[in-house]
Structures are given as structure tokens and as C-alpha cells.
Amino acid sequence: MTLDLFLLCFFAFLSGFIDSIVGGGGLVQIPAFFVLYPQLTVPNIISTNRLASAAGTTIAAWNYSRVMKMPWKTIFFAGISASMCSYAGATVQSMVPSYVLKPIILVLIVAIAMYTYRKKNLGQQQSFRFSEKQLPWVAAGIGAVLGFYNGFVGPGTGSLLVFAFVSVVGYSFLNASGISKVVNVIADVSSLVFFLIHKHVLFHLALPMLVCNVAGSYFGSRLAVLRGNEFIRKVFLVVVAGIVLRFAWDVFRAF
């Protein structure tokens, strides 16, 4: 194994660990991939990483499903709308530069971080704000908005899904993390099929990354289950801080 591949696998493990707890693993993996393999095309990097991360997210979702009752109808509605709107977001991205919206998104994410920090009890217990019949449709709306965001901009979608299911619906951080993992898997599979058909995935890199990402996801999701909502909230704040720095850097470069 070359040094570059070893480092790539290390970041795949770290990405899976972080992503399984509260999302945001792509903030670790994708930049590392671009630095270590600058000769590869963007579709090669995105699709190869997507195969590894989808496998890791699946393991994390399975871990969560073992200890919590998954609201499958709500997940299905959110996942399907996220898949469709992610495609729409990618289409719009080809017409409108993402830097147009990034300053606005930066302000929104800073507001999310401040709100979560100040609301100490946010996500500690479940307190639904909608009826059982309304939940799937609210989840579909969340999936649509953040699916579009995923296709248009991308970074931090998993973390924003967690925040939306906590703050809008009223799930606990633990339950929101589990739900978000399954929604992510549904959304990822649709794009992964496209990448596989067009042969963008580099399997000699994807397979060792997959093993390490799965390992990181397994340990991360197990730790989240054991440590509970307060631990997930703290990790969420750290990851959101990373997203803020990423967007701040993008906005700074654009101007």
C-alpha cells in the first residue's frame, strides 16, 4: 500500500466515524482526496468516495436501527423527495454559480450553530410538533429542501438533516441521526447508480476506502448510541463549526 492510499484510508475511517454520529464526513474525506490525488477528475473523486461513504452510512443506519424504532414511512417520504430534489439541485448548479448563494448559506449555518449552542435542551428528548399523519409530509419537505441543497452545494447535508429533524420535527439527536443516515443512503444510491453506469468509480481506491469507512461508521455509530444525545449535540456543534469555516473560506476566495 502506498503512502497516499494509506492516508486516504485513514481519512476514510475518520470520515466514517464523524459522519455516522452527526454527518459532515465529506468535509474530511473530499478535500483529502483532492489533495492526495490531484490528477483525478472530479467525477472520479466524487463517485469513488460516494461508493465508500454509502457503504459506511448503511452500516451506521443498521447500528441505529438495532436500538431505536425507525419511522420507516417518514424516512421513505424524506428519502424519495431528497433523491428527486438532489437531481434538480445538480441541474440548477450547472446554470447558476454556487458562489451566488454561499454567503447566504454561511449566515444561515452560523445562525444554526448559535441556536443549537444557546438551546441547551435542544434534541435531548423527543417532543413532536406535528401529528402522526403530518410527519411524513413534513419529512418530505425537509428532504426536498436539503436534497436540493445537496445537489446544488453539498457539504454538510447530513448535519443539516439532523438539525432539521431535531428543530423542525422534534426528534432527539439520537433518533434524528439514525433517520438521517437512512435518508442519506436512499439519496446516495440514486446518484451512485449513475456513477456506476458511467464507470466513474475507481474500484482499486474505492474498496480499501470502503473497508475503512465502514469500520469508522461502525465505531462512530456505536459510540453515539452509548453516549447519547448530549454527546451527539457536542459533535454536531464541532462539525457545524467546520462547515462554517469551509463556507467562510469559499466566500473569501470568491471575493
# chains A, B, ... in the order shown; residues from 1 in each chain; ligands from 1
call {"tool": "residues_around", "arguments": {"residues": "segment 161-178 of chain A", "least_positions_apart": "5", "cutoff": "6 Å", "atoms": "only C-alpha atoms", "output": "MDAnalysis selection string"}}
result
chainID A and resid 22 61 64 123:129 229
call {"tool": "write_last_selection", "arguments": {"atoms": "C-alpha atoms", "output": "mmCIF file, in the first residue's frame"}}
result
data_model
loop_
_atom_site.group_PDB
_atom_site.id
_atom_site.type_symbol
_atom_site.label_atom_id
_atom_site.label_comp_id
_atom_site.auth_asym_id
_atom_site.auth_seq_id
_atom_site.Cartn_x
_atom_site.Cartn_y
_atom_site.Cartn_z
ATOM 1 C CA VAL A 22 -23.860 13.603 13.059
ATOM 2 C CA ALA A 61 -28.029 3.142 9.777
ATOM 3 C CA TYR A 64 -29.041 2.839 14.857
ATOM 4 C CA GLY A 123 -32.728 17.431 20.959
ATOM 5 C CA GLN A 124 -32.321 15.943 24.423
ATOM 6 C CA GLN A 125 -35.838 14.487 24.398
ATOM 7 C CA GLN A 126 -38.414 13.856 21.701
ATOM 8 C CA SER A 127 -41.263 16.347 21.530
ATOM 9 C CA PHE A 128 -43.129 16.123 18.236
ATOM 10 C CA ARG A 129 -44.564 19.313 16.777
ATOM 11 C CA ASN A 229 -27.981 12.909 22.872
#
call {"tool": "select_by_dssp", "arguments": {"residues": "segment 12-151 of chain A", "states": "alpha helix (DSSP H)", "output": "PyMOL selection string"}}
result
chain A and resi 12-22+26-36+42-67+72-93+102-118+135-151
call {"tool": "write_last_selection", "arguments": {"atoms": "C-alpha atoms", "output": "short mmCIF file (atom, residue, chain, number, x, y, z; two decimals), in the first residue's frame"}}
result
data_model
loop_
_atom_site.label_atom_id
_atom_site.label_comp_id
_atom_site.auth_asym_id
_atom_site.auth_seq_id
_atom_site.Cartn_x
_atom_site.Cartn_y
_atom_site.Cartn_z
CA ALA A 12 -11.97 7.38 5.10
CA PHE A 13 -12.05 5.90 8.63
CA LEU A 14 -12.19 9.38 10.22
CA SER A 15 -14.88 10.47 7.77
CA GLY A 16 -16.99 7.40 8.51
CA PHE A 17 -16.58 7.94 12.26
CA ILE A 18 -17.71 11.58 12.13
CA ASP A 19 -20.42 11.05 9.53
CA SER A 20 -22.03 8.20 11.46
CA ILE A 21 -22.51 10.40 14.53
CA VAL A 22 -23.86 13.60 13.06
CA GLY A 26 -17.47 14.67 3.43
CA LEU A 27 -15.79 17.77 4.85
CA VAL A 28 -12.93 15.46 5.87
CA GLN A 29 -12.81 12.98 3.00
CA ILE A 30 -13.34 15.04 -0.15
CA PRO A 31 -10.65 17.71 0.49
CA ALA A 32 -8.17 14.95 1.46
CA PHE A 33 -8.98 13.07 -1.75
CA PHE A 34 -8.33 16.16 -3.90
CA VAL A 35 -5.02 16.84 -2.15
CA LEU A 36 -3.74 13.24 -2.30
CA VAL A 42 -13.96 15.48 -10.12
CA PRO A 43 -16.44 12.71 -11.17
CA ASN A 44 -13.79 10.07 -10.32
CA ILE A 45 -13.26 11.52 -6.82
CA ILE A 46 -16.94 12.15 -6.04
CA SER A 47 -18.12 8.74 -7.28
CA THR A 48 -15.29 6.74 -5.67
CA ASN A 49 -15.90 8.48 -2.36
CA ARG A 50 -19.67 8.01 -2.75
CA LEU A 51 -19.35 4.22 -3.01
CA ALA A 52 -17.25 4.05 0.17
CA SER A 53 -19.37 6.51 2.14
CA ALA A 54 -22.66 4.88 1.09
CA ALA A 55 -21.45 1.55 2.48
CA GLY A 56 -20.34 3.21 5.73
CA THR A 57 -23.64 5.08 6.08
CA THR A 58 -25.53 1.83 5.57
CA ILE A 59 -23.65 0.22 8.47
CA ALA A 60 -24.32 3.25 10.67
CA ALA A 61 -28.03 3.14 9.78
CA TRP A 62 -28.12 -0.57 10.69
CA ASN A 63 -26.47 0.15 14.05
CA TYR A 64 -29.04 2.84 14.86
CA SER A 65 -31.95 0.62 13.76
CA ARG A 66 -30.91 -2.02 16.29
CA VAL A 67 -31.53 0.28 19.26
CA TRP A 72 -39.95 3.99 8.01
CA LYS A 73 -42.84 5.89 6.41
CA THR A 74 -41.31 9.22 7.41
CA ILE A 75 -37.90 8.06 6.20
CA PHE A 76 -39.31 6.89 2.87
CA PHE A 77 -41.01 10.22 2.15
CA ALA A 78 -37.89 12.20 3.11
CA GLY A 79 -35.57 9.91 1.13
CA ILE A 80 -37.57 9.93 -2.09
CA SER A 81 -38.03 13.71 -2.09
CA ALA A 82 -34.32 14.19 -1.27
CA SER A 83 -33.33 11.96 -4.20
CA MET A 84 -35.50 13.83 -6.69
CA CYS A 85 -34.59 17.29 -5.48
CA SER A 86 -30.88 16.45 -5.31
CA TYR A 87 -31.01 15.81 -9.06
CA ALA A 88 -32.82 19.14 -9.51
CA GLY A 89 -30.19 20.92 -7.43
CA ALA A 90 -27.38 19.47 -9.53
CA THR A 91 -29.19 20.64 -12.66
CA VAL A 92 -29.57 24.19 -11.34
CA GLN A 93 -25.92 24.20 -10.29
CA LYS A 102 -22.81 30.65 -0.45
CA PRO A 103 -22.73 33.94 1.55
CA ILE A 104 -26.44 33.45 2.39
CA ILE A 105 -25.87 29.81 3.35
CA LEU A 106 -22.91 30.84 5.52
CA VAL A 107 -25.12 33.23 7.51
CA LEU A 108 -27.80 30.53 7.91
CA ILE A 109 -25.31 27.93 9.17
CA VAL A 110 -23.83 30.41 11.66
CA ALA A 111 -27.37 31.05 12.89
CA ILE A 112 -27.94 27.28 13.24
CA ALA A 113 -24.75 26.92 15.28
CA MET A 114 -25.68 29.80 17.60
CA TYR A 115 -29.25 28.50 18.03
CA THR A 116 -28.05 24.97 18.89
CA TYR A 117 -25.42 26.29 21.31
CA ARG A 118 -27.88 28.51 23.16
CA LEU A 135 -44.95 13.80 9.90
CA PRO A 136 -44.29 12.07 6.53
CA TRP A 137 -45.21 15.23 4.60
CA VAL A 138 -43.07 17.45 6.81
CA ALA A 139 -40.22 14.96 6.33
CA ALA A 140 -40.77 15.12 2.56
CA GLY A 141 -40.41 18.90 2.74
CA ILE A 142 -37.17 18.58 4.71
CA GLY A 143 -35.90 16.02 2.20
CA ALA A 144 -36.82 18.28 -0.72
CA VAL A 145 -35.08 21.38 0.65
CA LEU A 146 -31.92 19.60 1.80
CA GLY A 147 -31.87 17.27 -1.20
CA PHE A 148 -31.80 20.36 -3.42
CA TYR A 149 -29.06 21.82 -1.23
CA ASN A 150 -27.10 18.57 -1.54
CA GLY A 151 -27.23 18.69 -5.32
#
